[in-house]
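Structure first, commentary second.
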Amino acid sequence: MDALMTLKQINYEVADKQILHDIDWQIPTGAHITVTGPSGGGKSTLLRIMAAMITKTSGELTFAGQPIESYDPIMYRRQVSYCFQQPTLFGETVADNMAFPYQIRKQSMDREHVITALTNFGLSERTLQQAVTELSGGERQRVALIRNILFLPQVLLLDEVTAGLDEDNKQLIHAWLRRLNEQKHVTTIMITHDATEIAAADQLVKVVAGRLEVAQ
Amino acid sequence: MNLAVNNTSLFLAAMLVLVALAISLWQKLGLDKDIVIGVIRAVVQLFLVGYLLKYIFRVNNLWLTLAMIAFIIFNAAWNARKRGPGIDHALGISLLAILISTGVTLGVLVLSGAIKFIPSQMIPISGMIASNSMVAIGLAYRSLNSQFHDHRQGVLERLALGSGLLDASIAIVREAIRTGMSPTIDSAKTVGLVSLPGMMSGLIFAGVDPVRAIKYQIMVTFMLLSATSLGSIIACYLAYRNFYNEHKQLK
Ligand SMILES: Nc1ncnc2c1ncn2[C@@H]1O[C@H](COP(=O)(O)OP(=O)(O)OP(=O)(O)O)[C@@H](O)[C@H]1O
Ligand SMILES: [Mg+2]
């Protein structure tokens with residue numbers, strides 16, 4: 001398989017503090033990778049660099065054979081979509097959040113498609129009119145995730161998106177992610193601290209003190 | 001006209017400053033130095049402006065009038081800029097915003113015949129327009145700064161979804177424009193009920209029939225609405241881009 005993303009000697013530094021050291025990593029097209037490691041190790045930072053949310057200090061990052069610098073960051077982020085650890089929702093209602101990905105593409109919301117997505121994640125049409133402030137933590141997390149996949153990206157970067165969810169919901173999201181990976185060929189990289197998720201990983205990668213360790 | 005302030009009465013009225021000074025000393029407010037400096041500055045600046053305006057009005061030269069208006073606009077922009085720390089090109093943005101808002105508003109007033117193109121009307125009116133536009137822009141900058149700080153996570157999330165910079169900022173930009181305009185709208189609602197604003201008070205004071213004076217105040221209300229809305233919208237649309245870097249990331 002071709003590498004969809006290639007990281008060569010990626011370093012990241014803020015305020016004289018080196019957060020990532022010489023990261024070399026090849027991500028094959030269609031991979032389903034689990035990333036773990038101690039808190040503060042640099043997992044979120046690494047994924048944010050890959051999502052063009054922050055810029056590496058040095059090194060090379062290519063996506064689909066082209067250096068990241070050659071892409072318009074906005075279009076790039078629609079292909080390499082990052083879902084935040086502890087996301088916040090915007091606007092007033094869930095519908096506002098669902099409409100946003102359409103709004104930025106100058107399209108009107110495809111209600112059918114949104115309702116299907118909500119149902120896939122154990123929510124319902126009724127959720128649409130709910131105020132974002134009324135949602136439970138787990139519901140909020142799922143709504144945020146749905147925003148990222150209404151338009152399927154090529155790469156989905158998930159930052160502890162199942163943290164704080166109950167087992168049923170975790171299962172639901174895993175099954176759904178696997179389907180997305182197998183049937184829609186979306187390359188998925190997910191960060192987790194969850195022992196069950198780590199045990200179930202196809203491919204496990206560890207980020208420890210800013211360095212990448214490929215585990216078996 | 002019954003205007004009777006002369007040097008002697010002004011000097012006696014200076015007793016009022018002593019009231020403030022006495023309170024400052026008595027209550028140990030530590031404001032006595034500021035009061036003295038403030039009073040001296042006010043007297044000197046106003047005398048200078050008085051003589052300058054008298055000269056400009058007498059010469060009644062087009063270029064001199066325009067230069068004076070340009071000077072007012074530049075000063076207003078300089079002050080507005082101070083309210084936008086961290087915003088690059090705040091001076092240029094403020095200058096453009098105040099220039100356009102003042103220019104358009106003055107243009108409409110002159111073309112409609114509400115004011116005449118003479119220095120004694122153009123200059124004070126430009127000052128009112130530019131200073132209100134300046135305050136509106138300052139408020140809008142402050143709002144942009146605080147919202148980009150407070151709603152950082154929301155902006156980041158919009159960006160991560162592949163949003164363009166305007167789509168990621170539009171809620172903040174709208175709120176900042178609203179913040180810039182709202183004092184003018186609020187005061188339009190209470191004008192005449194709570195305070196008798198400067199323009200109208202001044203005319204009444206000078207002996208003008210109140211019914212004529214309020215017509216000027218109505219004109220002022222209209223012109224300030226136009227000045228603050230134009231100033232805020234131009235400044236916000238030019239300034240929001242500053243909160244992002246060249247990689248379209250939030251700074
Ligand atoms: N903008 C920044 N300024 C200063 N330090 C930062 C910045 N961003 C990240 N860091 C530091 O970099 C280190 C790695 O942070 P990161 O969020 O990537 O860790 P993580 O592996 O995702 O941790 P967790 O599992 O707790 O989410 C931390 O020590 C963090 O404090
Ligand atoms: Mg993290």
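Quick note on naming: the chains in the structure tokens go A, B, ... in the order shown, residues restart at 1 in each chain, and ligands are numbered from 1 in order of appearance.
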Cut-off 9 Å, only C-alpha atoms and all ligand atoms, neighbours of ligand 1 as a PyMOL selection string | chain A and resi 13-15+17-20+36-48+85+159-160+191-193+207-210
What residues in chain B lie within 6 Å of chain A, counting only C-alpha atoms, written as a PyMOL selection string?
-> chain B and resi 160+162-163+249
Can those selected residues be exported to a file as a PDB file, in the first residue's frame so that it contains all heavy atoms?
```pdb
ATOM      1  N   ALA B 160     -10.990  23.428  11.998  1.00  0.00           N
ATOM      2  CA  ALA B 160     -10.698  22.005  11.826  1.00  0.00           C
ATOM      3  C   ALA B 160     -11.707  21.354  10.889  1.00  0.00           C
ATOM      4  O   ALA B 160     -11.407  20.358  10.239  1.00  0.00           O
ATOM      5  CB  ALA B 160     -10.684  21.301  13.173  1.00  0.00           C
ATOM      6  N   GLY B 162     -12.706  22.657   8.278  1.00  0.00           N
ATOM      7  CA  GLY B 162     -12.436  23.117   6.920  1.00  0.00           C
ATOM      8  C   GLY B 162     -13.136  24.425   6.594  1.00  0.00           C
ATOM      9  O   GLY B 162     -13.393  24.744   5.438  1.00  0.00           O
ATOM     10  N   SER B 163     -13.415  25.189   7.640  1.00  0.00           N
ATOM     11  CA  SER B 163     -14.091  26.461   7.424  1.00  0.00           C
ATOM     12  C   SER B 163     -13.118  27.516   6.906  1.00  0.00           C
ATOM     13  O   SER B 163     -11.948  27.525   7.283  1.00  0.00           O
ATOM     14  CB  SER B 163     -14.669  26.906   8.763  1.00  0.00           C
ATOM     15  OG  SER B 163     -14.916  28.268   8.765  1.00  0.00           O
ATOM     16  N   GLN B 249      -4.148  29.683  10.340  1.00  0.00           N
ATOM     17  CA  GLN B 249      -4.312  29.132  11.687  1.00  0.00           C
ATOM     18  C   GLN B 249      -4.552  30.288  12.639  1.00  0.00           C
ATOM     19  O   GLN B 249      -4.051  31.389  12.423  1.00  0.00           O
ATOM     20  CB  GLN B 249      -3.037  28.388  12.114  1.00  0.00           C
ATOM     21  CG  GLN B 249      -2.767  27.161  11.268  1.00  0.00           C
ATOM     22  CD  GLN B 249      -1.309  26.703  11.337  1.00  0.00           C
ATOM     23  OE1 GLN B 249      -0.447  27.400  11.858  1.00  0.00           O
ATOM     24  NE2 GLN B 249      -1.047  25.534  10.785  1.00  0.00           N
TER      25      GLN B 249
END
```
Just list the residues in range 25-189 of chain A DSSP gives strand (DSSP E) on the backbone, as a compact mmCIF listing (two decimals) with N, CA, C and O atoms, in the first residue's frame.
```txt
# COMPACT_ATOMS: atom_id res chain seq x y z
N TRP A 25 7.19 8.88 10.36
CA TRP A 25 5.98 8.04 10.41
C TRP A 25 5.38 7.95 9.01
O TRP A 25 5.29 8.96 8.31
N GLN A 26 5.01 6.76 8.60
CA GLN A 26 4.37 6.57 7.31
C GLN A 26 2.97 6.02 7.58
O GLN A 26 2.84 5.02 8.28
N ILE A 27 1.98 6.66 7.03
CA ILE A 27 0.61 6.19 7.24
C ILE A 27 0.05 5.67 5.92
O ILE A 27 -0.17 6.44 4.99
N PRO A 28 -0.12 4.35 5.84
CA PRO A 28 -0.62 3.78 4.59
C PRO A 28 -2.07 4.16 4.35
O PRO A 28 -2.82 4.38 5.30
N HIS A 32 -5.81 1.87 9.95
CA HIS A 32 -6.70 2.08 11.09
C HIS A 32 -5.78 2.01 12.30
O HIS A 32 -5.45 0.93 12.78
N ILE A 33 -5.30 3.17 12.74
CA ILE A 33 -4.21 3.20 13.71
C ILE A 33 -4.68 3.74 15.05
O ILE A 33 -5.47 4.68 15.11
N THR A 34 -4.17 3.14 16.11
CA THR A 34 -4.47 3.61 17.46
C THR A 34 -3.19 4.23 18.03
O THR A 34 -2.12 3.64 17.93
N VAL A 35 -3.33 5.43 18.59
CA VAL A 35 -2.18 6.13 19.17
C VAL A 35 -2.40 6.24 20.67
O VAL A 35 -3.49 6.62 21.12
N THR A 36 -1.39 5.90 21.44
CA THR A 36 -1.52 6.05 22.87
C THR A 36 -0.21 6.60 23.44
O THR A 36 0.68 6.96 22.67
N SER A 58 10.09 22.09 12.07
CA SER A 58 10.94 21.64 10.98
C SER A 58 10.52 20.24 10.57
O SER A 58 9.72 19.60 11.25
N GLY A 59 11.06 19.76 9.46
CA GLY A 59 10.72 18.43 8.97
C GLY A 59 9.83 18.51 7.76
O GLY A 59 9.45 19.61 7.32
N GLU A 60 9.50 17.34 7.22
CA GLU A 60 8.66 17.29 6.02
C GLU A 60 7.40 16.51 6.28
O GLU A 60 7.44 15.44 6.88
N LEU A 61 6.30 17.04 5.79
CA LEU A 61 5.02 16.35 5.93
C LEU A 61 4.37 16.33 4.55
O LEU A 61 4.16 17.39 3.95
N THR A 62 4.11 15.11 4.04
CA THR A 62 3.44 15.06 2.75
C THR A 62 2.11 14.35 2.88
O THR A 62 1.93 13.47 3.71
N PHE A 63 1.17 14.79 2.08
CA PHE A 63 -0.15 14.17 2.02
C PHE A 63 -0.43 13.87 0.56
O PHE A 63 -0.27 14.76 -0.30
N GLN A 66 2.13 15.09 -1.97
CA GLN A 66 2.49 16.51 -2.08
C GLN A 66 2.81 17.07 -0.70
O GLN A 66 2.17 16.71 0.28
N PRO A 67 3.79 17.97 -0.63
CA PRO A 67 4.08 18.59 0.67
C PRO A 67 2.87 19.38 1.17
O PRO A 67 2.13 19.97 0.36
N VAL A 80 -8.29 16.10 5.67
CA VAL A 80 -7.65 15.53 6.86
C VAL A 80 -8.34 16.20 8.05
O VAL A 80 -8.00 17.29 8.45
N SER A 81 -9.34 15.50 8.57
CA SER A 81 -10.27 16.15 9.49
C SER A 81 -9.95 15.78 10.94
O SER A 81 -9.88 14.60 11.28
N TYR A 82 -9.76 16.79 11.76
CA TYR A 82 -9.38 16.59 13.17
C TYR A 82 -10.58 16.80 14.09
O TYR A 82 -11.27 17.81 13.99
N CYS A 83 -10.79 15.83 14.97
CA CYS A 83 -11.88 15.98 15.95
C CYS A 83 -11.28 16.16 17.32
O CYS A 83 -10.51 15.33 17.79
N VAL A 155 -8.78 11.32 5.62
CA VAL A 155 -8.16 10.92 6.88
C VAL A 155 -8.97 11.52 8.02
O VAL A 155 -9.33 12.69 7.98
N LEU A 156 -9.24 10.68 9.01
CA LEU A 156 -9.98 11.15 10.18
C LEU A 156 -9.06 11.03 11.38
O LEU A 156 -8.56 9.94 11.68
N LEU A 157 -8.80 12.17 12.04
CA LEU A 157 -7.91 12.18 13.20
C LEU A 157 -8.77 12.39 14.43
O LEU A 157 -9.40 13.44 14.59
N LEU A 158 -8.81 11.40 15.30
CA LEU A 158 -9.74 11.45 16.43
C LEU A 158 -8.99 11.54 17.74
O LEU A 158 -8.23 10.65 18.09
N ASP A 159 -9.20 12.64 18.46
CA ASP A 159 -8.47 12.86 19.71
C ASP A 159 -9.33 12.47 20.90
O ASP A 159 -10.15 13.26 21.36
N THR A 187 -9.02 6.58 6.11
CA THR A 187 -7.88 6.28 6.97
C THR A 187 -8.16 6.90 8.34
O THR A 187 -8.49 8.08 8.42
N THR A 188 -8.09 6.08 9.39
CA THR A 188 -8.44 6.63 10.71
C THR A 188 -7.27 6.50 11.67
O THR A 188 -6.59 5.48 11.70
N ILE A 189 -7.06 7.56 12.42
CA ILE A 189 -6.02 7.54 13.44
C ILE A 189 -6.69 8.03 14.70
O ILE A 189 -7.25 9.13 14.73
```
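Note that CA of Gly192 in chain B and CA of Thr221 in chain B are 11.2 Å apart.
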Minimum-distance residue to Gly164 in chain B, chosen among B:Leu250, B:Leu12, B:Ile23, B:Ile100 (using only C-alpha atoms) |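 The answer is B:Leu250, which sits nearest to Gly164 in chain B.
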Identify, on the basis of only C-alpha atoms, every residue whose closest approach to Val135 in chain B does not exceed 10 Å; exclude the query and any residue fewer than 5 positions from it along the same chain; express the result as number ranges by chain.
-> B: 76-77, 79-80, 83, 130, 140-141, 180-181, 183, 228, 231-232
So that I have them on file, write out the residues from the current selection with C-alpha atoms, as a PDB file, in the first residue's frame.
```
ATOM      1  CA  ALA B  76      -9.212  59.868  15.639  1.00  0.00           C
ATOM      2  CA  ALA B  77      -7.524  56.924  13.891  1.00  0.00           C
ATOM      3  CA  ASN B  79      -6.691  57.007  19.198  1.00  0.00           C
ATOM      4  CA  ALA B  80      -8.826  54.159  17.856  1.00  0.00           C
ATOM      5  CA  ARG B  83      -7.875  50.230  21.674  1.00  0.00           C
ATOM      6  CA  ALA B 130     -14.880  61.166  13.452  1.00  0.00           C
ATOM      7  CA  ALA B 140     -15.257  46.906  18.083  1.00  0.00           C
ATOM      8  CA  TYR B 141     -11.507  46.220  18.401  1.00  0.00           C
ATOM      9  CA  GLY B 180     -19.442  49.254  18.097  1.00  0.00           C
ATOM     10  CA  MET B 181     -22.889  50.474  17.067  1.00  0.00           C
ATOM     11  CA  PRO B 183     -24.026  52.964  22.229  1.00  0.00           C
ATOM     12  CA  THR B 228     -20.612  54.267  13.690  1.00  0.00           C
ATOM     13  CA  GLY B 231     -16.743  52.671  10.913  1.00  0.00           C
ATOM     14  CA  SER B 232     -17.417  49.420  12.772  1.00  0.00           C
TER      15      SER B 232
END
```
All residues 12 Å or closer to Leu95 in chain B, only C-alpha atoms, same chain fewer than 5 positions away omitted, as a list of chain:residue names | B:Ala70, B:Phe71, B:Ile72, B:Ile73, B:Phe74, B:Asn75, B:Ala76, B:Ala77, B:Trp78, B:Asn79, B:Ala80, B:Arg81, B:His89, B:Ala90, B:Ile100, B:Ser101, B:Thr102, B:Gly103, B:Ala130, B:Ser133, B:Met134, B:Ile137, B:Gly231, B:Ile234, B:Ala235, B:Leu238
For N, CA, C and O atoms, I'd like the residues from the last selection saved as a short mmCIF file (atom, residue, chain, number, x, y, z; two decimals), in the first residue's frame.
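Output below, filename selection36.cif:
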```cif
data_model
loop_
_atom_site.label_atom_id
_atom_site.label_comp_id
_atom_site.auth_asym_id
_atom_site.auth_seq_id
_atom_site.Cartn_x
_atom_site.Cartn_y
_atom_site.Cartn_z
N ALA B 70 -8.64 66.46 7.74
CA ALA B 70 -7.70 65.35 7.65
C ALA B 70 -6.98 65.16 8.99
O ALA B 70 -6.77 64.04 9.45
N PHE B 71 -6.63 66.28 9.60
CA PHE B 71 -5.95 66.23 10.89
C PHE B 71 -6.85 65.57 11.95
O PHE B 71 -6.42 64.71 12.71
N ILE B 72 -8.13 65.96 11.94
CA ILE B 72 -9.09 65.38 12.90
C ILE B 72 -9.19 63.86 12.67
O ILE B 72 -9.14 63.07 13.61
N ILE B 73 -9.29 63.48 11.41
CA ILE B 73 -9.45 62.06 11.08
C ILE B 73 -8.21 61.27 11.51
O ILE B 73 -8.30 60.19 12.09
N PHE B 74 -7.05 61.86 11.27
CA PHE B 74 -5.82 61.15 11.63
C PHE B 74 -5.74 60.97 13.14
O PHE B 74 -5.42 59.88 13.64
N ASN B 75 -6.07 62.03 13.88
CA ASN B 75 -6.04 61.93 15.34
C ASN B 75 -7.02 60.88 15.84
O ASN B 75 -6.72 60.12 16.77
N ALA B 76 -8.20 60.85 15.23
CA ALA B 76 -9.21 59.87 15.64
C ALA B 76 -8.69 58.46 15.39
O ALA B 76 -8.82 57.56 16.23
N ALA B 77 -8.05 58.25 14.23
CA ALA B 77 -7.52 56.92 13.89
C ALA B 77 -6.42 56.54 14.87
O ALA B 77 -6.33 55.40 15.32
N TRP B 78 -5.59 57.50 15.20
CA TRP B 78 -4.48 57.26 16.12
C TRP B 78 -5.01 56.77 17.47
O TRP B 78 -4.47 55.86 18.08
N ASN B 79 -6.11 57.41 17.91
CA ASN B 79 -6.69 57.01 19.20
C ASN B 79 -7.41 55.67 19.12
O ASN B 79 -7.33 54.88 20.05
N ALA B 80 -8.11 55.43 18.01
CA ALA B 80 -8.83 54.16 17.86
C ALA B 80 -7.82 53.01 17.89
O ALA B 80 -8.06 51.96 18.47
N ARG B 81 -6.69 53.22 17.27
CA ARG B 81 -5.65 52.20 17.18
C ARG B 81 -5.23 51.70 18.57
O ARG B 81 -4.94 50.52 18.77
N HIS B 89 -1.54 46.58 11.73
CA HIS B 89 -2.10 47.59 10.82
C HIS B 89 -3.33 48.28 11.40
O HIS B 89 -4.17 48.74 10.65
N ALA B 90 -3.44 48.32 12.74
CA ALA B 90 -4.64 48.94 13.32
C ALA B 90 -4.75 50.40 12.92
O ALA B 90 -5.85 50.91 12.74
N ILE B 100 -13.60 56.76 5.47
CA ILE B 100 -14.79 56.43 4.69
C ILE B 100 -16.06 56.79 5.45
O ILE B 100 -16.98 57.41 4.90
N SER B 101 -16.11 56.44 6.75
CA SER B 101 -17.35 56.73 7.48
C SER B 101 -17.59 58.23 7.58
O SER B 101 -18.71 58.70 7.41
N THR B 102 -16.53 58.99 7.80
CA THR B 102 -16.68 60.44 7.88
C THR B 102 -16.99 61.03 6.51
O THR B 102 -17.88 61.87 6.37
N GLY B 103 -16.26 60.55 5.51
CA GLY B 103 -16.46 61.07 4.15
C GLY B 103 -17.88 60.86 3.65
O GLY B 103 -18.53 61.79 3.17
N ALA B 130 -16.11 61.95 13.31
CA ALA B 130 -14.88 61.17 13.45
C ALA B 130 -14.72 60.65 14.87
O ALA B 130 -14.29 59.52 15.08
N SER B 133 -17.09 57.73 15.38
CA SER B 133 -16.60 56.60 14.61
C SER B 133 -15.41 55.99 15.34
O SER B 133 -15.29 54.77 15.46
N MET B 134 -14.56 56.83 15.87
CA MET B 134 -13.39 56.38 16.63
C MET B 134 -13.80 55.55 17.85
O MET B 134 -13.25 54.46 18.08
N ILE B 137 -15.16 52.19 16.67
CA ILE B 137 -14.09 51.30 16.20
C ILE B 137 -13.30 50.75 17.38
O ILE B 137 -12.97 49.57 17.43
N GLY B 231 -18.06 52.81 10.26
CA GLY B 231 -16.74 52.67 10.91
C GLY B 231 -16.55 51.26 11.45
O GLY B 231 -15.52 50.62 11.21
N ILE B 234 -16.35 48.44 8.56
CA ILE B 234 -15.09 48.47 7.79
C ILE B 234 -13.94 47.98 8.67
O ILE B 234 -13.16 47.11 8.26
N ALA B 235 -13.89 48.49 9.89
CA ALA B 235 -12.77 48.10 10.77
C ALA B 235 -12.80 46.61 11.07
O ALA B 235 -11.78 45.93 11.01
N LEU B 238 -11.83 44.41 8.10
CA LEU B 238 -10.41 44.47 7.76
C LEU B 238 -9.54 43.87 8.87
O LEU B 238 -8.44 43.40 8.61
#
```
Just list the residues in range 93-224 of chain B DSSP gives alpha helix (DSSP H) on the backbone, as an NGL selection string.
-> :B and (93-111 or 119-150 or 152-160 or 165-190 or 198-205 or 210-224)
Residue with the minimum atom-to-atom distance to Ile115 in chain A, picked from A:Ile49, A:Val143, A:Ile173, A:Asn181 with only C-alpha atoms counted, is A:Val143
